[in-house]
>>> print(open('input-v6.txt').read())   # compact mmCIF, C-alpha atoms and all ligand atoms
# COMPACT_ATOMS: atom_id res chain seq x y z
CA MET A 13 32.07 25.70 0.96
CA ASN A 14 32.43 24.07 -2.45
CA SER A 15 29.44 22.16 -3.75
CA LYS A 16 31.41 18.91 -3.88
CA ASP A 17 32.28 19.14 -0.16
CA ARG A 18 28.65 19.11 1.04
CA ALA A 19 27.80 15.79 2.73
CA VAL A 20 25.07 14.69 0.29
CA MET A 21 27.36 15.53 -2.65
CA ARG A 22 30.17 13.46 -1.16
CA VAL A 23 27.85 10.47 -0.89
CA LEU A 24 26.66 11.06 -4.46
CA SER A 25 30.30 10.76 -5.51
CA GLY A 26 30.46 7.33 -3.92
CA GLU A 27 31.85 8.12 -0.47
CA ARG A 28 30.43 6.35 2.60
CA LEU A 29 29.62 8.77 5.41
CA TYR A 30 28.45 7.46 8.76
CA PRO A 31 26.11 8.54 10.22
CA PRO A 32 24.63 9.19 6.77
CA PRO A 33 23.27 12.56 5.66
CA VAL A 34 19.48 12.81 5.94
CA TRP A 35 16.56 14.59 4.27
CA MET A 36 12.94 13.69 3.44
CA MET A 37 10.92 13.72 0.26
CA ARG A 38 8.07 16.27 0.58
CA GLN A 39 9.82 17.75 3.61
CA ALA A 40 8.14 21.11 2.90
CA GLY A 41 4.50 20.19 3.27
CA ARG A 42 1.25 20.01 5.11
CA TYR A 43 2.52 18.15 8.20
CA LEU A 44 4.18 21.46 9.20
CA PRO A 45 1.96 24.19 10.73
CA GLU A 46 4.23 26.90 9.30
CA TYR A 47 3.74 25.42 5.79
CA ARG A 48 -0.04 25.47 6.16
CA GLU A 49 0.12 29.08 7.28
CA THR A 50 2.25 30.17 4.29
CA ARG A 51 0.24 27.99 1.89
CA ALA A 52 -2.95 29.83 2.97
CA LYS A 53 -1.58 33.00 1.32
CA SER A 54 -2.13 31.57 -2.14
CA LYS A 55 -5.40 30.06 -3.28
CA ASN A 56 -4.01 28.29 -6.32
CA PHE A 57 -1.26 25.70 -5.76
CA LEU A 58 0.57 26.44 -9.03
CA ASP A 59 0.58 30.19 -8.26
CA PHE A 60 2.16 29.26 -4.94
CA CYS A 61 4.91 27.33 -6.78
CA TYR A 62 5.54 30.34 -9.07
CA ASN A 63 5.90 32.81 -6.18
CA PRO A 64 9.62 33.06 -5.25
CA ASP A 65 8.87 34.71 -1.87
CA LEU A 66 6.49 31.96 -0.76
CA ALA A 67 8.35 29.06 -2.41
CA THR A 68 11.68 30.16 -0.87
CA GLU A 69 10.05 30.52 2.54
CA VAL A 70 8.46 27.04 2.58
CA THR A 71 11.63 25.39 1.23
CA LEU A 72 13.59 26.87 4.15
CA GLN A 73 11.05 25.95 6.85
CA PRO A 74 12.08 22.29 7.31
CA ILE A 75 15.76 23.28 7.18
CA ARG A 76 15.28 25.76 10.04
CA ARG A 77 13.29 23.25 12.08
CA TYR A 78 15.39 20.12 11.55
CA GLY A 79 18.68 21.10 9.89
CA PHE A 80 18.37 18.49 7.14
CA ASP A 81 21.51 17.87 5.08
CA ALA A 82 19.63 18.54 1.84
CA SER A 83 16.97 21.01 0.86
CA ILE A 84 14.71 20.28 -2.09
CA LEU A 85 13.39 23.16 -4.16
CA PHE A 86 9.70 23.68 -3.42
CA SER A 87 7.79 23.29 -6.66
CA ASP A 88 5.84 20.49 -8.33
CA ILE A 89 6.37 18.07 -11.18
CA PHE A 90 3.48 19.68 -13.07
CA VAL A 91 5.18 23.03 -13.64
CA VAL A 92 6.89 21.42 -16.67
CA PRO A 93 3.75 20.48 -18.65
CA ASP A 94 2.18 23.76 -17.49
CA ALA A 95 5.19 25.68 -18.84
CA ILE A 96 4.83 24.24 -22.35
CA GLY A 97 1.11 24.94 -22.42
CA TYR A 98 -0.38 21.60 -21.39
CA PRO A 99 -3.60 22.41 -19.48
CA VAL A 100 -3.03 21.55 -15.78
CA ARG A 101 -4.96 22.51 -12.68
CA PHE A 102 -5.02 21.50 -9.03
CA GLU A 103 -8.39 20.71 -7.49
CA GLU A 104 -8.95 21.10 -3.77
CA GLY A 105 -8.98 17.66 -2.16
CA ARG A 106 -8.40 15.91 -5.48
CA GLY A 107 -4.89 16.87 -6.53
CA PRO A 108 -3.62 17.47 -10.06
CA VAL A 109 -5.96 17.29 -13.04
CA LEU A 110 -4.48 17.36 -16.56
CA GLU A 111 -6.52 17.61 -19.73
CA PRO A 112 -6.88 14.17 -21.36
CA LEU A 113 -4.09 13.47 -23.86
CA SER A 114 -4.98 14.09 -27.53
CA GLN A 115 -3.34 15.17 -30.81
CA ASN A 116 -5.14 18.42 -30.43
CA VAL A 117 -3.60 19.29 -27.03
CA LEU A 118 -0.16 18.23 -28.26
CA ASP A 119 -0.47 20.42 -31.36
CA ARG A 120 -0.92 23.42 -29.07
CA LEU A 121 2.26 22.83 -27.02
CA GLU A 122 5.03 25.40 -27.34
CA GLN A 123 8.51 24.68 -25.99
CA GLY A 124 9.41 28.33 -26.53
CA ARG A 125 7.18 29.59 -23.73
CA ALA A 126 8.84 27.46 -21.01
CA GLU A 127 11.82 29.68 -20.31
CA ALA A 128 9.84 32.76 -19.31
CA HIS A 129 7.16 30.69 -17.62
CA LEU A 130 9.63 28.91 -15.33
CA ALA A 131 11.71 32.02 -14.56
CA PRO A 132 10.12 32.43 -11.08
CA VAL A 133 11.11 28.85 -10.14
CA ILE A 134 14.68 29.51 -11.28
CA GLU A 135 14.65 32.72 -9.21
CA THR A 136 13.61 30.59 -6.20
CA VAL A 137 16.63 28.31 -6.77
CA ARG A 138 18.93 31.35 -6.91
CA ARG A 139 17.55 32.77 -3.66
CA LEU A 140 17.75 29.40 -1.94
CA ARG A 141 21.42 28.98 -2.68
CA ARG A 142 22.02 32.41 -1.16
CA GLU A 143 19.90 31.79 1.94
CA LEU A 144 20.61 28.16 2.80
CA PRO A 145 23.36 27.23 5.26
CA GLU A 146 26.62 26.63 3.39
CA GLU A 147 26.75 22.94 4.21
CA THR A 148 23.21 22.21 2.98
CA THR A 149 22.97 20.53 -0.43
CA LEU A 150 20.34 22.10 -2.67
CA LEU A 151 18.43 19.63 -4.83
CA GLY A 152 16.50 20.53 -7.94
CA PHE A 153 14.10 18.07 -9.53
CA CYS A 154 11.65 17.18 -12.24
CA GLY A 155 9.06 14.48 -12.70
CA ALA A 156 9.96 11.62 -15.00
CA PRO A 157 7.96 11.90 -18.24
CA TRP A 158 5.96 8.71 -17.62
CA THR A 159 4.84 9.86 -14.16
CA VAL A 160 3.83 13.27 -15.51
CA ALA A 161 2.04 11.67 -18.47
CA CYS A 162 0.12 9.28 -16.18
CA TYR A 163 -1.96 12.18 -14.93
CA SER A 164 -2.87 13.26 -18.47
CA VAL A 165 -4.53 10.13 -19.73
CA ALA A 166 -7.39 9.74 -17.29
CA GLY A 167 -7.22 13.48 -16.59
CA HIS A 168 -6.60 12.65 -12.92
CA THR A 169 -4.97 10.03 -10.68
CA THR A 170 -6.32 6.49 -10.98
CA GLN A 171 -5.36 3.46 -8.96
CA ASP A 172 -2.40 1.67 -10.61
CA GLN A 173 -2.62 4.13 -13.52
CA THR A 174 -4.86 1.73 -15.46
CA ALA A 175 -6.00 4.50 -17.82
CA ALA A 176 -2.44 5.56 -18.66
CA ARG A 177 -1.43 1.95 -19.35
CA VAL A 178 -4.40 1.32 -21.64
CA GLY A 179 -3.73 4.65 -23.36
CA ALA A 180 -0.07 3.78 -23.96
CA TYR A 181 -1.02 0.35 -25.40
CA ARG A 182 -3.77 1.72 -27.68
CA ASP A 183 -1.86 4.68 -29.03
CA PRO A 184 1.86 4.43 -28.26
CA ALA A 185 2.69 7.06 -30.88
CA LEU A 186 0.55 9.64 -29.09
CA MET A 187 2.12 8.77 -25.72
CA GLN A 188 5.59 8.93 -27.31
CA ARG A 189 4.92 12.40 -28.69
CA PHE A 190 3.97 13.73 -25.28
CA ILE A 191 6.90 11.97 -23.58
CA ASP A 192 9.29 13.46 -26.16
CA GLU A 193 7.98 16.98 -25.47
CA LEU A 194 8.46 16.40 -21.73
CA ILE A 195 12.03 15.15 -22.28
CA VAL A 196 13.01 18.30 -24.19
CA ALA A 197 11.41 20.62 -21.61
CA SER A 198 12.84 18.68 -18.63
CA ILE A 199 16.43 18.78 -19.92
CA ALA A 200 16.32 22.56 -20.39
CA TYR A 201 14.64 23.05 -17.00
CA LEU A 202 17.17 20.89 -15.10
CA ILE A 203 20.15 22.61 -16.71
CA ARG A 204 18.75 25.97 -15.62
CA GLN A 205 18.31 24.71 -12.06
CA LEU A 206 21.98 23.66 -11.99
CA ASP A 207 23.08 27.00 -13.38
CA ALA A 208 21.02 28.86 -10.77
CA GLY A 209 22.72 27.00 -7.92
CA ALA A 210 21.23 23.52 -7.51
CA ASP A 211 23.98 21.10 -6.42
CA ALA A 212 22.28 17.95 -7.71
CA LEU A 213 18.98 16.80 -9.22
CA GLN A 214 16.35 14.16 -8.59
CA ILE A 215 14.03 12.62 -11.19
CA PHE A 216 10.78 11.38 -9.59
CA ASP A 217 9.26 8.36 -11.35
CA THR A 218 6.52 7.63 -8.85
CA TRP A 219 4.51 5.45 -11.27
CA ALA A 220 7.36 3.46 -12.85
CA GLY A 221 6.30 0.43 -10.81
CA VAL A 222 2.97 -0.11 -12.60
CA LEU A 223 4.64 -0.95 -15.93
CA ASP A 224 5.46 -4.37 -17.41
CA ASP A 225 8.97 -5.16 -18.69
CA ALA A 226 8.47 -3.67 -22.14
CA GLY A 227 6.71 -0.62 -20.72
CA PHE A 228 9.40 -0.08 -18.09
CA ALA A 229 12.10 -0.14 -20.76
CA ARG A 230 10.25 2.22 -23.08
CA TRP A 231 8.43 4.61 -20.73
CA SER A 232 10.64 4.73 -17.64
CA ILE A 233 14.24 3.80 -18.55
CA GLU A 234 14.51 5.33 -22.04
CA PRO A 235 13.08 8.81 -21.28
CA THR A 236 15.15 8.99 -18.08
CA ARG A 237 18.25 7.92 -20.00
CA GLN A 238 17.66 10.73 -22.50
CA ILE A 239 17.20 13.31 -19.74
CA VAL A 240 20.36 12.17 -17.91
CA ALA A 241 22.33 12.15 -21.17
CA GLY A 242 20.98 15.56 -22.20
CA VAL A 243 21.82 17.19 -18.87
CA LYS A 244 25.26 15.58 -18.66
CA ALA A 245 26.13 16.51 -22.25
CA ALA A 246 25.65 20.14 -21.25
CA ARG A 247 26.89 19.92 -17.62
CA PRO A 248 29.24 16.91 -17.33
CA ASN A 249 29.62 17.21 -13.55
CA ALA A 250 25.88 17.05 -12.88
CA ARG A 251 24.83 14.49 -10.26
CA ILE A 252 21.41 12.91 -10.74
CA ILE A 253 19.36 10.71 -8.40
CA GLY A 254 16.68 8.53 -10.00
CA PHE A 255 13.64 7.45 -8.00
CA PRO A 256 11.70 4.75 -9.85
CA LYS A 257 9.19 3.89 -7.13
CA ALA A 258 8.12 0.28 -6.57
CA SER A 259 10.67 -1.01 -9.11
CA SER A 260 13.14 -2.88 -6.94
CA ALA A 261 13.12 -5.97 -9.16
CA ARG A 262 14.23 -3.80 -12.06
CA LEU A 263 16.69 -1.53 -10.26
CA ALA A 264 19.79 -3.03 -11.84
CA ALA A 265 18.33 -2.54 -15.33
CA TYR A 266 17.27 0.99 -14.39
CA VAL A 267 20.69 1.99 -13.06
CA THR A 268 22.57 0.55 -16.04
CA GLY A 269 20.05 1.76 -18.58
CA THR A 270 19.61 5.35 -17.37
CA GLY A 271 23.09 6.34 -16.19
CA VAL A 272 21.82 7.92 -12.95
CA ASP A 273 24.46 8.53 -10.26
CA ALA A 274 22.35 7.26 -7.36
CA VAL A 275 19.01 5.59 -6.88
CA GLY A 276 16.14 6.19 -4.46
CA LEU A 277 14.43 3.11 -3.03
CA ASP A 278 10.96 2.78 -1.61
CA TRP A 279 10.35 0.80 1.58
CA THR A 280 9.27 -2.39 -0.20
CA ALA A 281 12.76 -2.95 -1.70
CA PRO A 282 14.26 -6.13 -0.19
CA ASP A 283 17.62 -5.66 1.60
CA HIS A 284 19.50 -8.07 -0.64
CA ILE A 285 18.51 -6.11 -3.78
CA ALA A 286 19.36 -2.78 -2.16
CA GLN A 287 22.72 -4.09 -0.98
CA SER A 288 23.62 -5.50 -4.37
CA ILE A 289 22.73 -2.22 -6.14
CA GLN A 290 24.73 -0.28 -3.55
CA LYS A 291 27.88 -1.97 -4.86
CA SER A 292 27.52 0.08 -8.05
CA VAL A 293 25.71 3.29 -6.97
CA PRO A 294 24.86 5.17 -3.76
CA ILE A 295 21.41 4.46 -2.33
CA GLN A 296 18.83 6.89 -0.99
CA GLY A 297 16.03 5.71 1.26
CA ASN A 298 14.07 3.89 2.41
CA LEU A 299 12.13 4.14 5.67
CA ASP A 300 8.40 3.43 5.36
CA PRO A 301 6.70 6.84 5.83
CA MET A 302 4.04 5.02 7.90
CA ARG A 303 6.70 4.22 10.50
CA LEU A 304 7.17 7.98 10.78
CA VAL A 305 3.41 8.37 11.29
CA ALA A 306 3.36 5.61 13.94
CA GLY A 307 6.42 6.86 15.87
CA GLY A 308 7.73 5.05 18.95
CA ALA A 309 9.34 1.63 18.61
CA ALA A 310 8.11 1.21 15.02
CA LEU A 311 10.06 4.33 14.06
CA ASP A 312 13.20 3.51 16.02
CA ASP A 313 13.27 -0.09 14.78
CA GLY A 314 12.78 1.00 11.18
CA ILE A 315 15.62 3.54 11.37
CA ALA A 316 17.93 1.00 13.03
CA HIS A 317 17.15 -1.45 10.26
CA VAL A 318 17.93 0.98 7.41
CA LEU A 319 21.19 1.99 9.11
CA GLU A 320 22.19 -1.60 9.63
CA ALA A 321 21.19 -2.88 6.19
CA LEU A 322 22.51 0.04 4.12
CA GLY A 323 24.88 1.97 6.40
CA GLN A 324 27.91 -0.07 5.33
CA GLY A 325 27.94 1.61 1.91
CA PRO A 326 27.19 5.05 0.46
CA LEU A 327 23.75 5.99 1.86
CA ILE A 328 21.58 9.09 1.96
CA PHE A 329 18.95 8.45 4.61
CA ASN A 330 15.44 9.26 3.42
CA LEU A 331 11.90 7.94 3.46
CA GLY A 332 10.75 5.46 0.85
CA HIS A 333 8.25 8.08 -0.40
CA GLY A 334 7.01 11.52 0.70
CA VAL A 335 6.14 12.42 4.29
CA THR A 336 2.34 12.47 4.70
CA PRO A 337 0.19 15.28 6.17
CA GLU A 338 -0.86 13.30 9.29
CA THR A 339 2.79 12.94 10.45
CA ASP A 340 3.59 14.45 13.86
CA PRO A 341 6.46 16.96 13.41
CA ALA A 342 7.95 15.63 16.68
CA HIS A 343 8.44 12.23 15.03
CA VAL A 344 10.51 13.90 12.32
CA ALA A 345 12.72 15.51 14.96
CA ARG A 346 13.17 12.08 16.55
CA MET A 347 14.08 10.57 13.19
CA VAL A 348 16.82 13.13 12.52
CA GLU A 349 18.18 12.75 16.05
CA ARG A 350 18.21 8.94 15.81
CA VAL A 351 19.86 8.87 12.36
CA ARG A 352 22.58 11.21 13.60
CA GLN A 353 23.35 8.89 16.52
CA GLY A 354 24.36 6.34 13.88
O1 LIG A 401 9.66 17.34 -1.58
C1 LIG A 401 9.48 18.56 -1.41
O2 LIG A 401 9.38 19.09 -0.27
C2 LIG A 401 9.47 19.46 -2.62
C3 LIG A 401 8.23 19.74 -3.21
C4 LIG A 401 7.45 18.70 -4.00
C5 LIG A 401 6.03 18.73 -4.09
N1 LIG A 401 5.66 17.80 -4.99
C6 LIG A 401 5.17 19.66 -3.36
C7 LIG A 401 3.71 19.40 -3.25
C8 LIG A 401 7.90 17.68 -4.84
C9 LIG A 401 9.31 17.18 -5.08
C10 LIG A 401 6.75 17.11 -5.45
C11 LIG A 401 6.83 16.02 -6.45
C12 LIG A 401 5.59 15.40 -6.92
N2 LIG A 401 4.39 16.00 -7.13
C13 LIG A 401 5.47 14.05 -7.33
C14 LIG A 401 6.59 13.04 -7.33
C15 LIG A 401 6.91 12.52 -5.99
C16 LIG A 401 5.78 11.88 -5.22
O3 LIG A 401 5.48 12.38 -4.14
O4 LIG A 401 5.23 10.88 -5.71
C17 LIG A 401 4.16 13.84 -7.74
C18 LIG A 401 3.54 12.56 -8.27
C19 LIG A 401 3.49 15.10 -7.61
C20 LIG A 401 2.11 15.37 -7.98
C21 LIG A 401 1.28 15.93 -6.92
N3 LIG A 401 1.45 17.18 -6.37
C22 LIG A 401 0.14 15.34 -6.34
C23 LIG A 401 -0.39 13.95 -6.69
C24 LIG A 401 -0.36 16.26 -5.43
C25 LIG A 401 -1.64 16.17 -4.68
C26 LIG A 401 -1.61 15.14 -3.60
C27 LIG A 401 -1.24 15.79 -2.34
O5 LIG A 401 -0.40 15.23 -1.62
O6 LIG A 401 -1.83 16.84 -2.08
C28 LIG A 401 0.50 17.39 -5.42
C29 LIG A 401 0.40 18.61 -4.60
C30 LIG A 401 1.58 18.95 -3.78
N4 LIG A 401 2.87 19.01 -4.25
C31 LIG A 401 1.58 19.34 -2.40
C32 LIG A 401 2.91 19.62 -2.08
C33 LIG A 401 3.43 20.09 -0.74
C34 LIG A 401 0.35 19.47 -1.53
C35 LIG A 401 -0.57 20.54 -2.05
C36 LIG A 401 -0.86 21.68 -1.12
O7 LIG A 401 -0.05 22.06 -0.27
O8 LIG A 401 -1.95 22.25 -1.26
>>> encode(input="input-v6.txt", output="structure tokens")
Amino acid sequence: MNSKDRAVMRVLSGERLYPPPVWMMRQAGRYLPEYRETRAKSKNFLDFCYNPDLATEVTLQPIRRYGFDASILFSDIFVVPDAIGYPVRFEEGRGPVLEPLSQNVLDRLEQGRAEAHLAPVIETVRRLRRELPEETTLLGFCGAPWTVACYSVAGHTTQDQTAARVGAYRDPALMQRFIDELIVASIAYLIRQLDAGADALQIFDTWAGVLDDAGFARWSIEPTRQIVAGVKAARPNARIIGFPKASSARLAAYVTGTGVDAVGLDWTAPDHIAQSIQKSVPIQGNLDPMRLVAGGAALDDGIAHVLEALGQGPLIFNLGHGVTPETDPAHVARMVERVRQG
């Protein structure tokens, strides 16, 4: 099957399919017993991401179990800073920890080391395209520069990214330098994912929603615009989904300003905004992942609502953010079944 004939790709080209194709952010993850078993084979999370055997296996697990319409490469947004030599580590129970941003760390970055460093991830993409069912769309991804940089200012996650915001106000030139390095590395990385067999790409801007207007324009829209432009200059047919979380009031500006082909919405986006954006680009989303945790009527009602509110236009059914570890895998099966009833 040609890439453009896969259901998710057809929607990304503006076609309405009903029932809509469905996948979930973080669909390979700790809610699945088979993921936890494979994950136990590698102590260090980044080593796990750089192991094509293990990364291919966990990417395929949710496809085997649920037959999602799209498969997302198993990796993490922090392989990009890691690849250019930015010190990153994952701490048990705490998540990603990046060294605090400074001139000194930036002076040590080397774009030239990224290609070899990321080769195992590209090998995973190649194997996935060979092993996935023909009709399954393969998505590559990267983190948006702002979201990656957020974790480098405090050195770890903080509520509302207060440290990253203060850092960007106090020393915008330093933040800009890091963002620019991430833009260069992300463009090269995304192009390689396409060349290895990814059908389309997603840019995760999980922390876009903490910014004010000026910050959103400079740190979310502009870097994403440059990445989209850089990838499309090299691969004009590339399809790119942007996911600026918690930014529904600024979606129109984001879509126009970045040039993304489709936009992911979180569950707080009001229907009228989603519906107005859907007139210009396909929408992906936006079931509250906590409805998936709750199950039962809360799940069924939430799915019915997304289908009713957004099913009239081009829609890729998804959650409004990643599936969480406490989710019952049976609820996911129910979700896929219910979406496919239309
Ligand atoms: O969606 C998928 O199935 C593909 C794989 C994927 C992961 N992370 C695997 C992962 C993707 C697309 C990501 C993106 C990512 N990573 C984002 C953007 C999207 C989002 O969810 O907001 C961000 C901000 C990260 C950073 C990150 N990675 C954090 C904050 C954490 C720790 C918190 C947590 O949930 O553990 C991770 C680790 C991580 N990335 C796990 C997985 C499955 C869990 C770690 C483990 O299995 O030990």
>>> residues_near_ligand(input="input-v6.txt", ligand="ligand LIG 401 (chain A)", cutoff="7 Å", atoms="all atoms listed in the file", output="list in words")
Met37, Arg38, Gln39, Ala40, Gly41, Arg42, Arg51, Phe57, Thr71, Ile84, Leu85, Phe86, Ser87, Asp88, Ile89, Phe90, Arg106, Gly107, Pro108, Phe153, Gly155, Thr159, Phe216, Asp217, Thr218, His333 and Gly334 of chain A
>>> atom_distance(input="input-v6.txt", atom1="CA of Pro64 (chain A)", atom2="CA of Arg138 (chain A)")
9.6 Å
>>> atom_distance(input="input-v6.txt", atom1="CA of His343 (chain A)", atom2="CA of Ala306 (chain A)")
8.4 Å
>>> residues_around(input="input-v6.txt", residues="Ala316 (chain A)", least_positions_apart="2", cutoff="12 Å", atoms="all atoms listed in the file", output="list of chain:residue names")
A:Pro31, A:Asn298, A:Leu299, A:Arg303, A:Ala309, A:Ala310, A:Leu311, A:Asp312, A:Asp313, A:Gly314, A:Val318, A:Leu319, A:Glu320, A:Ala321, A:Leu322, A:Gly323, A:Phe329, A:Met347, A:Arg350, A:Val351, A:Arg352, A:Gln353, A:Gly354
>>> residues_near_point(input="input-v6.txt", point="(-3.4, 6.8, -19.5)", cutoff="7 Å", atoms="all atoms listed in the file", output="PyMOL selection string")
chain A and resi 162+164-166+173-180
>>> closest_residue(input="input-v6.txt", among="A:Pro45, A:Gly307, A:Pro301, A:Val117", to="Ala342 (chain A)", atoms="all atoms listed in the file")
A:Gly307
>>> atom_distance(input="input-v6.txt", atom1="CA of Arg101 (chain A)", atom2="CA of Cys61 (chain A)")
12.5 Å
>>> residues_around(input="input-v6.txt", residues="region 197-202 of chain A", least_positions_apart="6", cutoff="7 Å", atoms="only C-alpha atoms", output="PyMOL selection string")
chain A and resi 92+123+153-154+239+242-243
>>> residues_around(input="input-v6.txt", residues="Pro341 (chain A)", least_positions_apart="5", cutoff="10 Å", atoms="only C-alpha atoms", output="VMD selection string")
chain A and resid 43 to 45 74 77 to 78 304 to 305 346 to 347
>>> closest_residue(input="input-v6.txt", among="A:Glu122, A:Glu338, A:Asp283, A:Asp273", to="Glu193 (chain A)", atoms="all atoms listed in the file")
A:Glu122
>>> closest_residue(input="input-v6.txt", among="A:Thr268, A:Thr339, A:Gln324, A:Asn249", to="Leu206 (chain A)", atoms="all atoms listed in the file")
A:Asn249
>>> closest_residue(input="input-v6.txt", among="A:Val196, A:Leu24, A:Ala126, A:Leu72", to="Gln290 (chain A)", atoms="all atoms listed in the file")
A:Leu24
>>> closest_residue(input="input-v6.txt", among="A:Met302, A:Ala281, A:Leu150, A:Val70", to="Val20 (chain A)", atoms="only C-alpha atoms")
A:Leu150
>>> closest_residue(input="input-v6.txt", among="A:Ala226, A:Ile203, A:Leu58, A:Ala185", to="Arg247 (chain A)", atoms="all atoms listed in the file")
A:Ile203
>>> residues_near_point(input="input-v6.txt", point="(24.4, 13.6, 3.3)", cutoff="12 Å", atoms="only C-alpha atoms", output="PDB file with C-alpha atoms, in the coordinates of the input")
ATOM      1  CA  LYS A  16      31.410  18.910  -3.880  1.00  0.00           C
ATOM      2  CA  ASP A  17      32.280  19.140  -0.160  1.00  0.00           C
ATOM      3  CA  ARG A  18      28.650  19.110   1.040  1.00  0.00           C
ATOM      4  CA  ALA A  19      27.800  15.790   2.730  1.00  0.00           C
ATOM      5  CA  VAL A  20      25.070  14.690   0.290  1.00  0.00           C
ATOM      6  CA  MET A  21      27.360  15.530  -2.650  1.00  0.00           C
ATOM      7  CA  ARG A  22      30.170  13.460  -1.160  1.00  0.00           C
ATOM      8  CA  VAL A  23      27.850  10.470  -0.890  1.00  0.00           C
ATOM      9  CA  LEU A  24      26.660  11.060  -4.460  1.00  0.00           C
ATOM     10  CA  SER A  25      30.300  10.760  -5.510  1.00  0.00           C
ATOM     11  CA  GLY A  26      30.460   7.330  -3.920  1.00  0.00           C
ATOM     12  CA  GLU A  27      31.850   8.120  -0.470  1.00  0.00           C
ATOM     13  CA  ARG A  28      30.430   6.350   2.600  1.00  0.00           C
ATOM     14  CA  LEU A  29      29.620   8.770   5.410  1.00  0.00           C
ATOM     15  CA  TYR A  30      28.450   7.460   8.760  1.00  0.00           C
ATOM     16  CA  PRO A  31      26.110   8.540  10.220  1.00  0.00           C
ATOM     17  CA  PRO A  32      24.630   9.190   6.770  1.00  0.00           C
ATOM     18  CA  PRO A  33      23.270  12.560   5.660  1.00  0.00           C
ATOM     19  CA  VAL A  34      19.480  12.810   5.940  1.00  0.00           C
ATOM     20  CA  TRP A  35      16.560  14.590   4.270  1.00  0.00           C
ATOM     21  CA  MET A  36      12.940  13.690   3.440  1.00  0.00           C
ATOM     22  CA  GLY A  79      18.680  21.100   9.890  1.00  0.00           C
ATOM     23  CA  PHE A  80      18.370  18.490   7.140  1.00  0.00           C
ATOM     24  CA  ASP A  81      21.510  17.870   5.080  1.00  0.00           C
ATOM     25  CA  ALA A  82      19.630  18.540   1.840  1.00  0.00           C
ATOM     26  CA  SER A  83      16.970  21.010   0.860  1.00  0.00           C
ATOM     27  CA  GLU A 147      26.750  22.940   4.210  1.00  0.00           C
ATOM     28  CA  THR A 148      23.210  22.210   2.980  1.00  0.00           C
ATOM     29  CA  THR A 149      22.970  20.530  -0.430  1.00  0.00           C
ATOM     30  CA  LEU A 150      20.340  22.100  -2.670  1.00  0.00           C
ATOM     31  CA  LEU A 151      18.430  19.630  -4.830  1.00  0.00           C
ATOM     32  CA  PRO A 294      24.860   5.170  -3.760  1.00  0.00           C
ATOM     33  CA  ILE A 295      21.410   4.460  -2.330  1.00  0.00           C
ATOM     34  CA  GLN A 296      18.830   6.890  -0.990  1.00  0.00           C
ATOM     35  CA  GLY A 297      16.030   5.710   1.260  1.00  0.00           C
ATOM     36  CA  PRO A 326      27.190   5.050   0.460  1.00  0.00           C
ATOM     37  CA  LEU A 327      23.750   5.990   1.860  1.00  0.00           C
ATOM     38  CA  ILE A 328      21.580   9.090   1.960  1.00  0.00           C
ATOM     39  CA  PHE A 329      18.950   8.450   4.610  1.00  0.00           C
ATOM     40  CA  ASN A 330      15.440   9.260   3.420  1.00  0.00           C
ATOM     41  CA  VAL A 348      16.820  13.130  12.520  1.00  0.00           C
ATOM     42  CA  VAL A 351      19.860   8.870  12.360  1.00  0.00           C
ATOM     43  CA  ARG A 352      22.580  11.210  13.600  1.00  0.00           C
TER      44      ARG A 352
END
